[in-house]
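What follows is target.txt (compact mmCIF, C-alpha atoms).
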```
# COMPACT_ATOMS: atom_id res chain seq x y z
CA MET A 453 118.36 89.69 47.26
CA ALA A 454 119.03 86.68 49.52
CA THR A 455 115.96 84.89 50.79
CA ARG A 456 115.81 83.95 54.42
CA LYS A 457 115.98 80.20 55.04
CA THR A 458 112.62 78.84 56.17
CA GLN A 459 112.79 77.32 59.65
CA LYS A 460 111.52 73.74 59.70
CA ALA A 461 108.63 72.94 62.01
CA PRO A 462 109.80 71.51 65.35
CA ILE A 463 110.17 67.90 66.44
CA LEU A 464 108.30 66.90 69.59
CA VAL A 465 110.33 64.74 71.98
CA THR A 466 108.26 63.32 74.83
CA GLY A 467 110.04 62.26 78.01
CA ALA A 468 112.68 64.93 77.27
CA ALA A 469 113.77 65.07 80.93
CA GLY A 470 114.13 61.28 80.96
CA PHE A 471 117.26 59.26 80.25
CA ILE A 472 116.85 58.41 76.55
CA GLY A 473 114.69 61.48 75.83
CA PHE A 474 117.39 63.82 77.14
CA HIS A 475 120.11 62.23 75.00
CA THR A 476 117.87 62.16 71.91
CA ALA A 477 116.76 65.78 72.29
CA THR A 478 120.42 66.82 72.75
CA ARG A 479 121.44 65.11 69.49
CA LEU A 480 118.56 66.70 67.57
CA LEU A 481 119.38 70.16 68.94
CA GLU A 482 123.07 69.72 68.11
CA ARG A 483 122.19 69.07 64.48
CA GLY A 484 120.12 72.27 64.33
CA GLU A 485 116.58 71.03 64.86
CA GLN A 486 113.93 72.93 66.77
CA VAL A 487 112.77 70.70 69.62
CA ILE A 488 109.73 70.86 71.85
CA GLY A 489 110.41 68.81 74.96
CA LEU A 490 107.53 67.34 76.94
CA ASP A 491 107.74 65.76 80.38
CA ASN A 492 105.56 65.57 83.49
CA LEU A 493 108.63 65.47 85.81
CA ASN A 494 106.98 62.82 87.98
CA ASP A 495 108.69 61.46 91.08
CA TYR A 496 109.12 57.84 89.93
CA TYR A 497 112.80 58.61 90.57
CA ASP A 498 114.81 61.61 91.81
CA VAL A 499 113.35 64.73 90.16
CA ARG A 500 116.64 66.57 90.71
CA LEU A 501 118.26 64.36 88.09
CA LYS A 502 115.44 65.14 85.63
CA LYS A 503 115.80 68.87 86.31
CA ALA A 504 119.58 68.68 85.82
CA ARG A 505 119.05 67.06 82.39
CA LEU A 506 116.46 69.69 81.54
CA ALA A 507 118.79 72.52 82.51
CA LYS A 508 121.29 71.29 79.91
CA LEU A 509 118.60 71.21 77.22
CA LYS A 510 117.38 74.71 78.10
CA ALA A 511 120.85 76.03 77.23
CA PHE A 512 119.85 75.57 73.56
CA LYS A 513 117.93 78.51 72.06
CA SER A 514 115.99 76.15 69.77
CA PHE A 515 114.57 74.16 72.73
CA SER A 516 111.26 74.85 74.40
CA PHE A 517 109.77 72.89 77.28
CA THR A 518 106.20 71.96 78.17
CA LYS A 519 105.43 70.37 81.52
CA LEU A 520 102.47 68.14 80.80
CA ASP A 521 101.15 64.69 81.59
CA LEU A 522 100.55 62.48 78.56
CA ALA A 523 97.23 61.36 80.03
CA ASN A 524 95.94 64.97 80.09
CA ARG A 525 93.74 64.74 77.00
CA ALA A 526 92.82 68.44 76.78
CA GLY A 527 96.43 69.52 77.40
CA MET A 528 97.79 67.18 74.74
CA LYS A 529 95.18 68.34 72.21
CA LYS A 530 96.15 71.96 72.90
CA LEU A 531 99.87 71.18 72.52
CA PHE A 532 99.41 69.71 69.03
CA ALA A 533 97.00 72.52 68.00
CA LYS A 534 99.30 75.32 69.19
CA GLN A 535 101.98 75.00 66.49
CA PRO A 536 102.87 72.71 63.60
CA ILE A 537 104.83 69.64 64.72
CA ARG A 538 106.80 67.94 61.95
CA ARG A 539 107.76 64.67 63.61
CA VAL A 540 107.29 63.03 66.99
CA VAL A 541 109.79 60.98 69.00
CA HIS A 542 107.70 59.44 71.75
CA LEU A 543 109.94 58.27 74.60
CA ALA A 544 107.81 59.17 77.61
CA ALA A 545 106.35 56.17 79.43
CA GLN A 546 105.98 54.62 82.81
CA ALA A 547 109.04 52.39 82.77
CA GLY A 548 110.16 49.43 84.84
CA VAL A 549 109.07 45.81 85.00
CA ARG A 550 109.01 45.38 88.80
CA TYR A 551 107.14 48.65 89.45
CA SER A 552 104.34 47.38 87.20
CA LEU A 553 103.69 44.61 89.73
CA VAL A 554 102.90 47.11 92.50
CA ASN A 555 101.47 50.11 90.61
CA PRO A 556 99.68 48.76 87.51
CA HIS A 557 97.44 51.81 86.98
CA ALA A 558 100.48 54.02 86.35
CA TYR A 559 101.05 51.92 83.20
CA THR A 560 97.53 52.17 81.80
CA ASP A 561 97.45 55.95 82.48
CA SER A 562 100.77 56.73 80.81
CA ASN A 563 101.42 53.92 78.36
CA ILE A 564 97.87 53.34 77.09
CA GLU A 565 95.89 56.58 77.64
CA GLY A 566 98.98 58.72 77.08
CA PHE A 567 99.95 56.91 73.90
CA LEU A 568 96.42 57.25 72.51
CA ASN A 569 96.68 61.03 73.04
CA ILE A 570 99.96 61.03 71.07
CA LEU A 571 98.37 59.06 68.23
CA GLU A 572 95.35 61.38 68.13
CA GLY A 573 97.66 64.41 68.03
CA CYS A 574 99.63 62.87 65.15
CA ARG A 575 96.41 62.01 63.32
CA HIS A 576 94.84 65.46 63.53
CA THR A 577 98.01 67.38 62.63
CA LYS A 578 99.24 64.91 59.99
CA VAL A 579 102.78 64.51 61.33
CA GLU A 580 105.38 63.15 58.89
CA HIS A 581 106.56 60.31 61.13
CA LEU A 582 105.97 58.97 64.65
CA VAL A 583 108.87 57.06 66.22
CA TYR A 584 108.00 55.53 69.58
CA ALA A 585 109.75 53.46 72.23
CA SER A 586 108.78 49.85 72.60
CA SER A 587 110.84 47.37 74.63
CA SER A 588 112.64 44.04 74.49
CA SER A 589 110.18 43.08 77.27
CA VAL A 590 107.54 42.37 74.60
CA TYR A 591 109.38 39.11 73.79
CA GLY A 592 108.18 37.81 77.17
CA GLY A 593 108.00 34.02 77.15
CA ASN A 594 109.96 33.71 73.88
CA THR A 595 113.13 31.63 74.27
CA GLN A 596 114.27 31.39 70.65
CA MET A 597 117.41 33.50 70.37
CA PRO A 598 118.19 36.01 69.05
CA PHE A 599 114.83 37.81 69.40
CA SER A 600 113.56 38.71 65.93
CA ILE A 601 110.95 41.31 64.96
CA HIS A 602 109.53 38.60 62.68
CA ASP A 603 108.68 36.40 65.69
CA ASN A 604 105.25 36.37 67.28
CA VAL A 605 105.22 38.25 70.64
CA ASP A 606 101.92 37.29 72.26
CA HIS A 607 103.20 36.02 75.62
CA PRO A 608 104.19 39.02 77.79
CA VAL A 609 105.19 38.25 81.39
CA SER A 610 104.64 41.72 82.93
CA LEU A 611 102.04 44.46 82.56
CA TYR A 612 104.83 46.80 81.43
CA ALA A 613 105.56 44.43 78.52
CA ALA A 614 101.85 44.12 77.73
CA SER A 615 101.52 47.93 77.62
CA LYS A 616 104.41 48.16 75.15
CA LYS A 617 102.92 45.43 72.95
CA ALA A 618 99.63 47.37 73.10
CA ASN A 619 101.50 50.46 71.84
CA GLU A 620 102.71 48.53 68.80
CA LEU A 621 99.16 47.37 68.06
CA MET A 622 97.68 50.86 68.54
CA ALA A 623 100.33 52.44 66.29
CA HIS A 624 99.67 49.84 63.60
CA CYS A 625 95.97 50.60 63.76
CA TYR A 626 96.57 54.34 63.20
CA ALA A 627 99.10 53.64 60.42
CA HIS A 628 96.49 51.44 58.72
CA LEU A 629 93.47 53.73 59.18
CA TYR A 630 95.08 57.16 58.76
CA ARG A 631 98.33 56.31 56.91
CA ILE A 632 100.46 57.87 59.65
CA PRO A 633 103.99 56.45 59.28
CA CYS A 634 104.82 54.80 62.64
CA THR A 635 108.06 53.12 63.71
CA GLY A 636 108.32 51.20 66.98
CA LEU A 637 111.76 50.63 68.50
CA ARG A 638 112.34 47.74 70.89
CA PHE A 639 115.12 48.93 73.17
CA PHE A 640 117.37 46.37 74.87
CA THR A 641 118.63 47.20 78.42
CA VAL A 642 119.87 50.76 77.90
CA TYR A 643 122.66 52.14 80.09
CA GLY A 644 125.06 55.08 80.14
CA PRO A 645 125.66 58.57 81.56
CA TRP A 646 122.58 60.35 82.96
CA GLY A 647 120.97 56.91 83.38
CA ARG A 648 117.92 56.01 85.48
CA PRO A 649 118.48 55.37 89.21
CA ASP A 650 116.14 52.35 89.10
CA MET A 651 118.35 50.51 86.61
CA ALA A 652 120.89 47.86 87.68
CA LEU A 653 124.06 49.78 86.71
CA PHE A 654 123.03 52.83 88.74
CA ILE A 655 121.91 50.77 91.75
CA PHE A 656 125.08 48.66 91.70
CA THR A 657 127.42 51.65 91.34
CA LYS A 658 125.82 53.51 94.25
CA ALA A 659 125.86 50.43 96.52
CA ILE A 660 129.45 49.40 95.69
CA LEU A 661 130.77 52.92 96.36
CA GLU A 662 128.86 53.00 99.66
CA GLY A 663 130.13 49.53 100.64
CA LYS A 664 126.62 48.08 100.67
CA PRO A 665 125.65 44.65 99.25
CA ILE A 666 124.04 44.41 95.81
CA GLU A 667 121.09 42.13 95.04
CA VAL A 668 121.93 39.89 92.10
CA TYR A 669 118.88 38.12 90.70
CA ASN A 670 118.80 34.68 89.10
CA HIS A 671 122.10 34.09 90.95
CA GLY A 672 123.83 36.31 88.39
CA LYS A 673 122.94 33.99 85.50
CA MET A 674 120.77 36.62 83.79
CA ARG A 675 121.98 37.44 80.30
CA ARG A 676 121.20 40.90 78.98
CA ASP A 677 121.85 42.63 75.67
CA PHE A 678 123.22 45.76 77.38
CA THR A 679 123.05 48.66 74.90
CA TYR A 680 124.91 51.93 75.34
CA VAL A 681 122.71 55.02 75.19
CA ASP A 682 124.61 56.70 72.30
CA ASP A 683 123.93 53.61 70.17
CA ILE A 684 120.24 53.78 71.08
CA VAL A 685 120.11 57.47 70.11
CA GLU A 686 121.87 56.80 66.80
CA GLY A 687 119.23 54.16 66.05
CA VAL A 688 116.41 56.55 67.02
CA ILE A 689 117.72 59.39 64.82
CA ARG A 690 118.37 57.14 61.82
CA THR A 691 114.92 55.57 61.97
CA LEU A 692 113.34 59.02 62.48
CA ASP A 693 114.98 60.14 59.23
CA HIS A 694 113.90 56.91 57.49
CA THR A 695 110.12 57.28 57.34
CA ALA A 696 108.21 54.02 57.74
CA THR A 697 106.77 52.63 54.52
CA PRO A 698 104.47 49.70 53.72
CA ASN A 699 106.04 46.35 52.89
CA PRO A 700 104.78 45.58 49.34
CA ALA A 701 105.42 41.86 49.91
CA TRP A 702 103.29 41.72 53.09
CA SER A 703 100.58 39.09 52.93
CA GLY A 704 97.57 38.49 55.17
CA GLY A 705 97.88 34.82 54.28
CA LYS A 706 101.23 34.67 56.07
CA PRO A 707 101.39 37.86 58.14
CA ASP A 708 104.86 39.12 59.07
CA PRO A 709 104.75 40.65 62.61
CA GLY A 710 107.63 43.07 61.92
CA THR A 711 106.24 44.83 58.84
CA SER A 712 102.83 45.63 57.35
CA SER A 713 100.80 46.67 54.33
CA ALA A 714 100.43 49.93 56.33
CA PRO A 715 103.35 52.36 56.88
CA ALA A 716 104.24 50.66 60.17
CA ARG A 717 107.60 49.17 61.09
CA ILE A 718 109.24 47.60 64.14
CA TYR A 719 112.99 47.42 64.84
CA ASN A 720 115.17 45.99 67.59
CA ILE A 721 117.91 48.27 68.89
CA GLY A 722 120.30 46.14 70.92
CA ASN A 723 124.02 45.44 71.13
CA HIS A 724 123.37 41.87 69.81
CA GLN A 725 126.00 40.55 72.26
CA PRO A 726 124.34 39.24 75.44
CA VAL A 727 126.45 39.52 78.59
CA GLU A 728 125.98 37.55 81.79
CA LEU A 729 125.14 39.75 84.77
CA LEU A 730 128.15 38.51 86.78
CA GLN A 731 130.48 39.58 83.95
CA PHE A 732 128.76 42.98 83.81
CA ILE A 733 129.38 43.39 87.57
CA GLU A 734 133.02 42.35 87.11
CA VAL A 735 133.57 45.09 84.51
CA LEU A 736 131.88 47.59 86.86
CA GLU A 737 134.15 46.52 89.74
CA GLN A 738 137.20 47.15 87.53
CA ALA A 739 135.91 50.60 86.52
CA LEU A 740 135.23 51.54 90.15
CA GLY A 741 138.39 49.92 91.53
CA LYS A 742 136.27 48.30 94.23
CA LYS A 743 134.75 44.86 94.78
CA ALA A 744 131.01 44.27 95.17
CA VAL A 745 129.42 42.42 98.06
CA LYS A 746 126.93 40.18 96.23
CA LYS A 747 123.66 38.86 97.61
CA LEU A 748 122.58 36.14 95.16
CA LEU A 749 118.80 35.80 94.80
CA PRO A 750 116.31 33.86 92.63
CA ILE A 751 114.76 35.35 89.49
CA GLN A 752 112.01 37.93 90.14
CA PRO A 753 108.41 37.73 88.84
CA GLY A 754 108.12 39.49 85.48
CA ASP A 755 111.82 39.11 84.65
CA VAL A 756 113.08 37.05 81.71
CA PRO A 757 116.35 35.08 82.01
CA ALA A 758 117.90 36.35 78.77
CA THR A 759 117.58 38.98 76.03
CA TYR A 760 119.40 39.00 72.70
CA ALA A 761 118.57 41.33 69.79
CA ASP A 762 118.52 40.39 66.12
CA VAL A 763 119.30 43.76 64.46
CA GLU A 764 119.48 42.56 60.85
CA ASP A 765 116.49 44.67 59.71
CA LEU A 766 117.81 47.82 61.40
CA THR A 767 121.21 47.35 59.75
CA ARG A 768 119.69 46.67 56.34
CA ASP A 769 117.25 49.61 56.41
CA VAL A 770 119.26 52.37 58.12
CA GLY A 771 122.85 51.08 57.90
CA PHE A 772 123.53 50.93 61.63
CA ALA A 773 124.12 48.37 64.36
CA PRO A 774 125.07 49.17 67.99
CA ALA A 775 128.64 48.15 68.85
CA THR A 776 129.81 49.91 72.04
CA SER A 777 131.53 47.42 74.37
CA ILE A 778 130.45 47.20 78.02
CA GLU A 779 134.03 48.11 79.01
CA ASP A 780 133.75 51.45 77.17
CA GLY A 781 130.13 52.06 78.14
CA ILE A 782 130.49 51.26 81.85
CA GLY A 783 133.71 53.31 81.99
CA ARG A 784 131.87 56.35 80.61
CA PHE A 785 128.99 55.85 83.03
CA VAL A 786 131.30 55.62 86.05
CA LYS A 787 133.14 58.79 84.95
CA TRP A 788 129.82 60.65 84.69
CA TYR A 789 128.54 59.23 88.03
CA ARG A 790 131.65 60.28 89.94
CA GLU A 791 131.53 63.79 88.44
CA PHE A 792 127.78 64.28 88.92
CA TYR A 793 127.58 62.89 92.46
CA LYS A 794 131.13 63.95 93.41
CA LYS A 795 131.99 60.42 94.60
```

Encoding of this model in structure tokens:
Amino acid sequence: MATRKTQKAPILVTGAAGFIGFHTATRLLERGEQVIGLDNLNDYYDVRLKKARLAKLKAFKSFSFTKLDLANRAGMKKLFAKQPIRRVVHLAAQAGVRYSLVNPHAYTDSNIEGFLNILEGCRHTKVEHLVYASSSSVYGGNTQMPFSIHDNVDHPVSLYAASKKANELMAHCYAHLYRIPCTGLRFFTVYGPWGRPDMALFIFTKAILEGKPIEVYNHGKMRRDFTYVDDIVEGVIRTLDHTATPNPAWSGGKPDPGTSSAPARIYNIGNHQPVELLQFIEVLEQALGKKAVKKLLPIQPGDVPATYADVEDLTRDVGFAPATSIEDGIGRFVKWYREFYKK
């Protein structure tokens, strides 16, 4: 008599209605995983976009959704206690560098309190692996390029960056004390279809199509390691499947920031090909078939002039490095934008 295949316990994806969370949850569902999506559907940007992403996820029978704020301690405790959760992909956070200058408490509520609730849930239910989003922002005042996970990152230049660095420290603490495997992923300027309306590509596309001027900071001399969302998701999935392990060579005498004697790891996920903002705008103009009216401005507080990812460790450990060109990536974004907004 044939035995019925045992269904694996679900994977929790936080921020499932968000940009990266939506794409990650979709990939996991497509490969047959059961996914619990969590999001608070806040109004940091257009909730209609979040609900449209969510509607696509709800088309999968193996997807269930919980509307919950990460900072709700009792609610988070109940979520983890309700059913076994095998792994956690933590992508929910209060994002944005500039917003952290005007609304700092949103960052401590979500990125500090909320992350602690995730760690406590993982600790008490003994999850197999926690993969969480960090950011290239943690490199802050560093100017040595490319940014390496083996470099010290103690000079953040925004509260957002400081909150992400705090996440890495908190995760390390739980990996050390409770042996919870934790992997932090430093994302580098993510873009693509279903993107966030507060990100440059979205803002520029909307303004150019409406014939409005775009604000170009640092006089367009910013260099960013623009990384296409599918490459980010591939990195997330591969690291999720590659459970963090201790580095046997780690030494307290010469501590390596990127690894540990605990099951804690850090990786960069970036295209490792920085592009100047003016070139990025040029590619967008070509994709839209329309020129931008540029308003050149100085660099903003909290911004860094350049980002550039060293992805050597990611490539060595999981056999992957992002490689989507901005021509392909921007073209796909513009196609999605025109279809979604009927422009």

Check: So how many Å separate atom CA of Gly663 of chain A and atom CA of Lys747 of chain A, to one decimal?
Finding: 12.8 Å

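As for atom CA of Asn604 of chain A and atom CA of Ile684 of chain A, they are spaced 23.3 Å apart.
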
Between segment 556-661 of chain A and segment 464-486 of chain A, at 8 Å or less, what are the per-residue closest atom pairs and their distances in Å? Count only C-alpha atoms, order by chain and rising residue number, and return it as JSON lines.
```
{"residue": "A:Trp646", "atom": "CA", "partner": "A:Phe471", "partner_atom": "CA", "distance": 6.1}
{"residue": "A:Gly647", "atom": "CA", "partner": "A:Phe471", "partner_atom": "CA", "distance": 5.4}
{"residue": "A:Arg648", "atom": "CA", "partner": "A:Phe471", "partner_atom": "CA", "distance": 6.2}
```

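Nearest to Val540 of chain A of all the residues A:Asp693, A:Glu565, A:Glu662, A:Asp498 is A:Asp693, based on only C-alpha atoms.
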
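Residues in contact with Asn569 of chain A at 10 Å, where all atoms listed in the file are counted and same-chain residues fewer than 6 positions away are skipped, are listed as Leu522, Ala523, Asn524, Arg525, Ala526, Gly527, Met528, Lys529, Phe532, Ser562 and Arg575 of chain A.
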
Note to self: Residues near segment 701-707 of chain A, anyone? I mean within 12 Å using all atoms listed in the file, not counting same-chain ones fewer than 2 positions away, as a count of residues only.
What the structure shows: 15

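Picture a line from atom CA of Ser586 of chain A to atom CA of Gly783 of chain A; it runs 26.9 Å.
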
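Minimum distance to Val786 of chain A across A:Leu736, A:Ile718, A:Ala544, A:Ala461 (counting all atoms listed in the file) occurs at A:Leu736.
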
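Using only C-alpha atoms, the nearest neighbour of Leu637 of chain A within the list A:Thr657, A:Thr679, A:Asn720, A:Thr776 is A:Asn720.
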
Check: Which of these, A:Arg638, A:His576, A:Lys616, A:His724, has the shortest distance to Ser777 of chain A once you count all atoms listed in the file?
Finding: A:His724

Next item on the list: Between A:Gly781, A:Pro726, A:Pro774, A:Gly672, single out the one closest to Lys746 of chain A, counting all atoms listed in the file.
Entry: A:Gly672

If we count only C-alpha atoms and set the cut-off at 10 Å, which residues sit around Tyr496 of chain A, ignoring sequence neighbours fewer than 5 positions away in its own chain? Please answer as a short mmCIF file (atom, residue, chain, number, x, y, z; two decimals) with C-alpha atoms, keeping the file's coordinate frame.
```
data_model
loop_
_atom_site.label_atom_id
_atom_site.label_comp_id
_atom_site.auth_asym_id
_atom_site.auth_seq_id
_atom_site.Cartn_x
_atom_site.Cartn_y
_atom_site.Cartn_z
CA GLN A 546 105.98 54.62 82.81
CA ALA A 547 109.04 52.39 82.77
CA GLY A 548 110.16 49.43 84.84
CA TYR A 551 107.14 48.65 89.45
CA PRO A 649 118.48 55.37 89.21
CA ASP A 650 116.14 52.35 89.10
#
```

Just add all heavy atoms to segment 553-564 of chain A and send it as a CSV table (one decimal), keeping the file's coordinate frame.
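Wrote it out as result.csv, contents follow:
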```
chain,number,residue,atom,x,y,z
A,553,LEU,N,104.3,45.6,88.9
A,553,LEU,CA,103.7,44.6,89.7
A,553,LEU,C,103.0,45.3,90.9
A,553,LEU,O,102.0,44.7,91.5
A,553,LEU,CB,104.7,43.6,90.3
A,553,LEU,CG,105.6,42.9,89.2
A,553,LEU,CD1,106.6,42.0,89.9
A,553,LEU,CD2,104.7,42.1,88.3
A,554,VAL,N,103.5,46.4,91.3
A,554,VAL,CA,102.9,47.1,92.5
A,554,VAL,C,102.0,48.3,92.2
A,554,VAL,O,101.2,48.8,93.0
A,554,VAL,CB,104.0,47.5,93.5
A,554,VAL,CG1,104.7,46.3,94.1
A,554,VAL,CG2,105.0,48.4,92.9
A,555,ASN,N,102.2,48.9,91.0
A,555,ASN,CA,101.5,50.1,90.6
A,555,ASN,C,101.0,50.0,89.2
A,555,ASN,O,101.3,50.8,88.3
A,555,ASN,CB,102.4,51.3,90.8
A,555,ASN,CG,101.5,52.6,90.9
A,555,ASN,OD1,100.4,52.6,90.6
A,555,ASN,ND2,102.2,53.7,91.3
A,556,PRO,N,100.1,49.0,88.9
A,556,PRO,CA,99.7,48.8,87.5
A,556,PRO,C,99.0,49.9,86.8
A,556,PRO,O,99.1,50.1,85.6
A,556,PRO,CB,98.8,47.5,87.6
A,556,PRO,CG,98.3,47.5,89.1
A,556,PRO,CD,99.5,48.1,89.8
A,557,HIS,N,98.2,50.7,87.6
A,557,HIS,CA,97.4,51.8,87.0
A,557,HIS,C,98.3,52.9,86.4
A,557,HIS,O,97.9,53.6,85.4
A,557,HIS,CB,96.5,52.4,88.0
A,557,HIS,CG,95.4,51.4,88.4
A,557,HIS,ND1,94.3,51.2,87.5
A,557,HIS,CD2,95.2,50.7,89.5
A,557,HIS,CE1,93.5,50.3,88.1
A,557,HIS,NE2,94.0,50.0,89.3
A,558,ALA,N,99.5,53.0,86.9
A,558,ALA,CA,100.5,54.0,86.4
A,558,ALA,C,100.8,53.7,84.9
A,558,ALA,O,101.0,54.6,84.1
A,558,ALA,CB,101.8,54.0,87.2
A,559,TYR,N,100.7,52.4,84.6
A,559,TYR,CA,101.0,51.9,83.2
A,559,TYR,C,99.9,52.1,82.2
A,559,TYR,O,100.1,52.5,81.1
A,559,TYR,CB,101.5,50.5,83.2
A,559,TYR,CG,102.8,50.3,84.0
A,559,TYR,CD1,102.9,50.4,85.4
A,559,TYR,CD2,104.0,50.2,83.3
A,559,TYR,CE1,104.1,50.3,86.0
A,559,TYR,CE2,105.2,50.2,83.9
A,559,TYR,CZ,105.3,50.2,85.3
A,559,TYR,OH,106.5,50.2,86.0
A,560,THR,N,98.7,51.9,82.7
A,560,THR,CA,97.5,52.2,81.8
A,560,THR,C,97.4,53.7,81.6
A,560,THR,O,97.1,54.1,80.5
A,560,THR,CB,96.2,51.5,82.3
A,560,THR,OG1,96.0,52.0,83.7
A,560,THR,CG2,96.3,50.0,82.3
A,561,ASP,N,97.6,54.5,82.6
A,561,ASP,CA,97.4,56.0,82.5
A,561,ASP,C,98.4,56.5,81.5
A,561,ASP,O,98.1,57.2,80.5
A,561,ASP,CB,97.7,56.7,83.8
A,561,ASP,CG,96.6,56.4,84.8
A,561,ASP,OD1,95.5,55.9,84.4
A,561,ASP,OD2,96.8,56.7,86.0
A,562,SER,N,99.7,56.2,81.6
A,562,SER,CA,100.8,56.7,80.8
A,562,SER,C,100.9,56.0,79.5
A,562,SER,O,100.9,56.6,78.4
A,562,SER,CB,102.1,56.7,81.6
A,562,SER,OG,103.1,57.3,80.8
A,563,ASN,N,101.0,54.7,79.6
A,563,ASN,CA,101.4,53.9,78.4
A,563,ASN,C,100.3,53.6,77.4
A,563,ASN,O,100.5,53.3,76.2
A,563,ASN,CB,102.1,52.6,78.8
A,563,ASN,CG,103.4,52.9,79.6
A,563,ASN,OD1,103.7,54.0,79.9
A,563,ASN,ND2,104.1,51.9,79.9
A,564,ILE,N,99.0,53.6,78.0
A,564,ILE,CA,97.9,53.3,77.1
A,564,ILE,C,97.1,54.7,76.8
A,564,ILE,O,97.1,55.1,75.6
A,564,ILE,CB,96.9,52.3,77.7
A,564,ILE,CG1,97.7,51.0,78.1
A,564,ILE,CG2,95.7,52.0,76.8
A,564,ILE,CD1,98.3,50.3,76.9
```
